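A.B. asks: Quick one: structure below, then a few questions.
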Amino acid sequence: MGLRRQIRVGNQWLYADEARKALLEAERVMREEDRHKLLHGHVLPWYRRWLFSTDHKVIGLQYGFTALCFLLMGFGLMILMRLQLGWPGHAFSIMKVLGEGRAPGGVLLPEAYNQLGAMHGTIMIFLGVVPLAVGAFGNYVTPLMIGAPDMAFPKLNMVSYWCYVPGGLIMLASFFVPGGAANSGWTSYPPLSDIATMGQTFWLFGMVFLITSSLLGSINFIVTILQLRVKGMTLMRFPFFVWTQLVTSFLLLLAFPPLEAAAVLQLMDRLAGTSFFLPSGLVVSGEILKNAGGGNPLLWQHLFWFLAHPEVYVLILPAMGIVSEIIANNTRKPLWGYRSLVGALVFLGFMSFVVWAHHMFLTGMGTTISAFFQTTTMIISIPSVIILSALFISLWGGSIRFNTPMLFALAFLPMFGIGGLTGLPLGLASADIHLHDTYYVIGHFHYVVAPGTIFALLAGVYYYFPKFTGRRLNEFWGKVHFWVSFVCINGIFMPMFAQGLAGVSRRLYDGGAQYAHAKTIAEQTNPFMSICAVGLLFAQVPFIINFFWNAFQGLRGKRTVDSNPWQATTLDWAATTSPPLGHGNFARAPVVYRGPYEYSVPGDPAGFIPQHVPDTPAPPPAVIGGVIPATAVAQREI
Amino acid sequence: MTMKKFLSILLATTFAMALACGKGKEISKAEDEGEDDQEAQTTTTAAEGGTAATAPAAAAAPAVADAATLTGLVKFESAPPKMPAIRMNADPYCQSQHPTPATDEEVIVGAAGELANVIVFIKNAPAGPAPTTPAVLDQRGCQYHPHVQAVQAGQPLQIKNSDATLHNVHAMPVVNSAFNEGQPVPMTTTKKFDKPEMTPFKIKCDVHGWMKSYMVVLPHPYHGVSGMNGTFNIGNLPPGSYTIVAWHEKYGQQEQNITVAPKEAKTVNFTFKG
């Protein structure tokens, strides 16, 4: 008979076989308890669990689902715009969905195109990307990564989501008011927006809700990240994703209030007869506007861009965070230059507040002011380059696993690179004179946001899907999704640089067909770009099927992966697969012993050491997948 | 359910939907053709009625027993101002429609001093039901036809773009709701002004700055517009005392008080000065 080994459980020493029996018995009892709760109604009613939940995971999933729907909607608007740009004036049956008032006989009217343009931008940025990047990934992953049982203010978290939903609904409702949705561009520049149709009022109300939602969320994130870290989770042991969420939250907190103030001022201009943004003697359609006087349209531009430039980093930083996690995981190497990454990130966040007027070189601010903002713009490119370079160098020498999330993450690097580098000429006042308001600008920021941020977010969806559902998305269809999207999205945006350099203005409903200087290049490139847009639409079909099929199967409990399918080191993967909703995250608070990316450690047979695993084997195990009673969570709620 | 089964169901559903959509498309195509026919008919009507500038169209007032008829002549006493040629070179299409440059239509005076494009209407006539026959405002050769007109409140107004270029119909009423709509291709949009608006308002194109038209919205059908020969004609007017108004876009408004007897053929003349 061999030696019976003993292990220590709590403060007791047990034989291993007995401990195993005890563990099985404990699991059986817990299952019984769960069943008991379900049968006897000791659980929250369905609307508290699924609609008005205070659990960060449910709220994250709510944000994610809603934001993906909005992304699809914004994408749909883009398809309609691209059809119009590719074949201006052509009657398309699909346009009839916009109604006879906007597209009589399927021919899109110019003012309807303006609505599509303004709402595409608004929906994509404020209702799609930010809620997905911060609301969904931030909410679901951040508390898990820092070992927290939930967000610091769970009810505030719920309110945040329920400010976002009405904001989105108000935006959608605006399509049905007289004159249609907002049509003054996503930037809503006055005086045009001050005298625009009723849809603009809805836009402003919607923005007030969305901004409120972001403000509540950002406070919650900052407090959670700083206060609810588990023992051992020092700032320099944060996964880079957590750092990006922290900096993003500060940007949201500090940048959004000016826009909220500006939105209220514009509402007063439109509804109360004030003239904050209307200059004296303003002539509209050949007649002097009666209530105009003493205002300044540039005030709006300053307030708007004071938000909207940091907003660019709100879009991009969480994407960088997701990409960093995926790259470290799939190269099986620590991120190169973690400290410089964090330093660059914080510097980037700070600098993003002092570059806003580079959007306004053509407003006649004067060369001194322009020179200042040119300089800050050139300076802010340095931390961006540091982050991108560090991520590139992280690939060096790695034994890279080319799975779907990694493909999307890898594509992010050159795409964001193109987006960033094409921004430099726009940051120089002299070059901006030519390029301002041309398709070059559209190409530039779409490279940052579409094949940049959205690819990173898709990478995140593929990467975290096993954590959400217990299933991996199908690899083959994932790769089809990636490659077709990658080719098509470049087919859309690359020609925009040529168009812009040729002087084709943005916001033209016919893509420039009426302008002699733009006609030729518009005819040469627009149909091709539009075909690519339709191709991009078809590329999303396998993703949508893949997503819903596996989500549905996951909901039915058909789980196919364990809690750590990517063999990752961070704490989110130490929680159980698809942590039970509304029940907290960890059986007991884990303790962190090391940095976030201990991959391929010499002498380590497993190839990775999770953050919660101590250096020397010492009982008890820091984390046991499981649940803690709901009451324990409830005590933490405010 | 296996993935294969799921996909096959999905494929079948998509196919069924595509079939359904295909049928819908055929129907909508037929509708489109119908619309085209209607449009062609309207074009004919417009061409026939578009002679307003030369022979004023009598308002289609309901027949009244003992109705009187008003006719008149609008004269211009001063030396007619020379209207400038319109520079249409900003839009090659517009330019191509006028081998001889078109002139501004603000003041059109005939050889014997007849003033065209004056809206003449009764200020205080009894309100009548809105006709179902639409009034037409045509944009042809990058100009409005007719240049001025009176419509009745509730009467459909067909706004046509007969040009192969973008026009933007920007109506600027004060009492009624203003609108501002583009017509990127040859097409017809039907609008309606629900309330009477006795002060004529401007309708303009924001793309082509020279394009403007004026319109008055009346509660009754007793109105006319002076043609190239300066004459106007208002028929089927019930007997009574009225104030008759003549309005010109540059020379303003004149009023006369008149009394018409049953079956009277009355003549009312107006004279404008520069």
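Chain labels A, B, ... are given in the sequence in which chains occur in the structure tokens; within each chain residues are numbered consecutively from 1, and ligands are likewise numbered from 1 in the order shown.
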Pick out the residues sitting within 9 Å of segment 257-259 of chain A, and hand them over as number ranges by chain; count only C-alpha atoms, and ignore anything fewer than 4 positions along from it in its own chain.

C.D. replies: A: 207-208, 211-212, 215, 252-253, 263-264, 300, 303-308

A.B. asks: Residues of chain B within 7 Å of chain A, using only C-alpha atoms, as a ChimeraX atom specification?

C.D. replies: /B:32,181-185

A.B. asks: Extract the full set of strand (DSSP E) residues from segment 182-412 of chain A according to DSSP on the backbone, and format it as a JSON list (two decimals) with N, CA and C atoms, in the first residue's frame.

C.D. replies:
```
[["chain", "number", "residue", "atom", "x", "y", "z"],
["A", 283, "VAL", "N", -27.88, 85.94, -41.54],
["A", 283, "VAL", "CA", -28.84, 85.89, -42.63],
["A", 283, "VAL", "C", -29.08, 84.43, -43.00],
["A", 284, "VAL", "N", -30.33, 84.04, -42.94],
["A", 284, "VAL", "CA", -30.69, 82.67, -43.30],
["A", 284, "VAL", "C", -31.66, 82.73, -44.46],
["A", 287, "GLU", "N", -32.76, 86.15, -45.42],
["A", 287, "GLU", "CA", -33.44, 87.01, -44.46],
["A", 287, "GLU", "C", -32.71, 87.02, -43.12],
["A", 288, "ILE", "N", -32.73, 88.17, -42.47],
["A", 288, "ILE", "CA", -32.03, 88.28, -41.19],
["A", 288, "ILE", "C", -32.82, 87.53, -40.13]]
```

A.B. asks: Using DSSP secondary structure from the backbone, list all alpha helix (DSSP H) positions within segment 417-549 of chain A, as a PyMOL selection string.

C.D. replies: chain A and resi 417-421+423-426+429-435+439-448+455-469+475-501+516-549

A.B. asks: Could you pull the residues within 9 Å of Glu105 of chain B, counting only C-alpha atoms, minus those fewer than 3 positions along the same chain, as a PyMOL selection string?

C.D. replies: chain B and resi 83+102+108+117+147

A.B. asks: Taking only C-alpha atoms into account, which of A:Ala606, A:Val461, A:Leu132, A:Met320 comes nearest Leu473 of chain A?

C.D. replies: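 Answer, going by the shortest atom-to-atom distance: A:Val461.
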
A.B. asks: Would you kindly return, as a ChimeraX atom specification, each protein, DNA or RNA residue with an atom no farther than 10 Å from any atom of Pro239 of chain B, considering only C-alpha atoms and excluding same-chain residues fewer than 4 positions away?

C.D. replies: /B:64-69,259-264

A.B. asks: Emit the selected residues as a short mmCIF file (atom, residue, chain, number, x, y, z; two decimals), in the first residue's frame, including C-alpha atoms.

C.D. replies:
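After the write, result.cif holds the following:
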```cif
data_model
loop_
_atom_site.label_atom_id
_atom_site.label_comp_id
_atom_site.auth_asym_id
_atom_site.auth_seq_id
_atom_site.Cartn_x
_atom_site.Cartn_y
_atom_site.Cartn_z
CA VAL B 64 -72.68 79.90 -59.23
CA ALA B 65 -76.06 81.10 -60.53
CA ASP B 66 -75.89 84.81 -61.41
CA ALA B 67 -72.11 84.67 -61.20
CA ALA B 68 -70.18 87.66 -62.38
CA THR B 69 -66.90 87.72 -64.28
CA THR B 259 -69.21 95.78 -56.31
CA VAL B 260 -70.36 93.23 -58.82
CA ALA B 261 -73.98 92.74 -59.89
CA PRO B 262 -75.44 89.38 -60.90
CA LYS B 263 -74.08 88.13 -64.23
CA GLU B 264 -72.05 91.28 -64.64
#
```

A.B. asks: I'd like the interatomic distance between atom CA of Pro334 of chain A and atom CA of Arg229 of chain A, to a tenth of an Å.

C.D. replies: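 Answer for the atom CA of Pro334 of chain A to atom CA of Arg229 of chain A separation: 21.5 Å.
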
A.B. asks: When you look at segment 542-544 of chain A with a cut-off of 7 Å (counting only C-alpha atoms), what residues show up, excluding the ones that are within fewer than 5 positions of it in the same chain? I need them as a CSV table (one decimal) with N, CA and C atoms, in the first residue's frame.

C.D. replies:
```
chain,number,residue,atom,x,y,z
A,477,TRP,N,-15.4,30.0,-39.4
A,477,TRP,CA,-16.2,31.1,-39.8
A,477,TRP,C,-15.7,32.4,-39.2
A,478,GLY,N,-15.0,32.3,-38.1
A,478,GLY,CA,-14.4,33.5,-37.6
A,478,GLY,C,-13.3,34.0,-38.5
A,481,HIS,N,-14.9,35.5,-41.5
A,481,HIS,CA,-15.3,36.8,-41.1
A,481,HIS,C,-14.2,37.8,-41.2
```

A.B. asks: Using Å and a single decimal, report how far atom CA of Ala319 of chain A sits from atom CA of Arg339 of chain A.

C.D. replies: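 Atom CA of Ala319 of chain A lies at a distance of 18.4 Å from atom CA of Arg339 of chain A.
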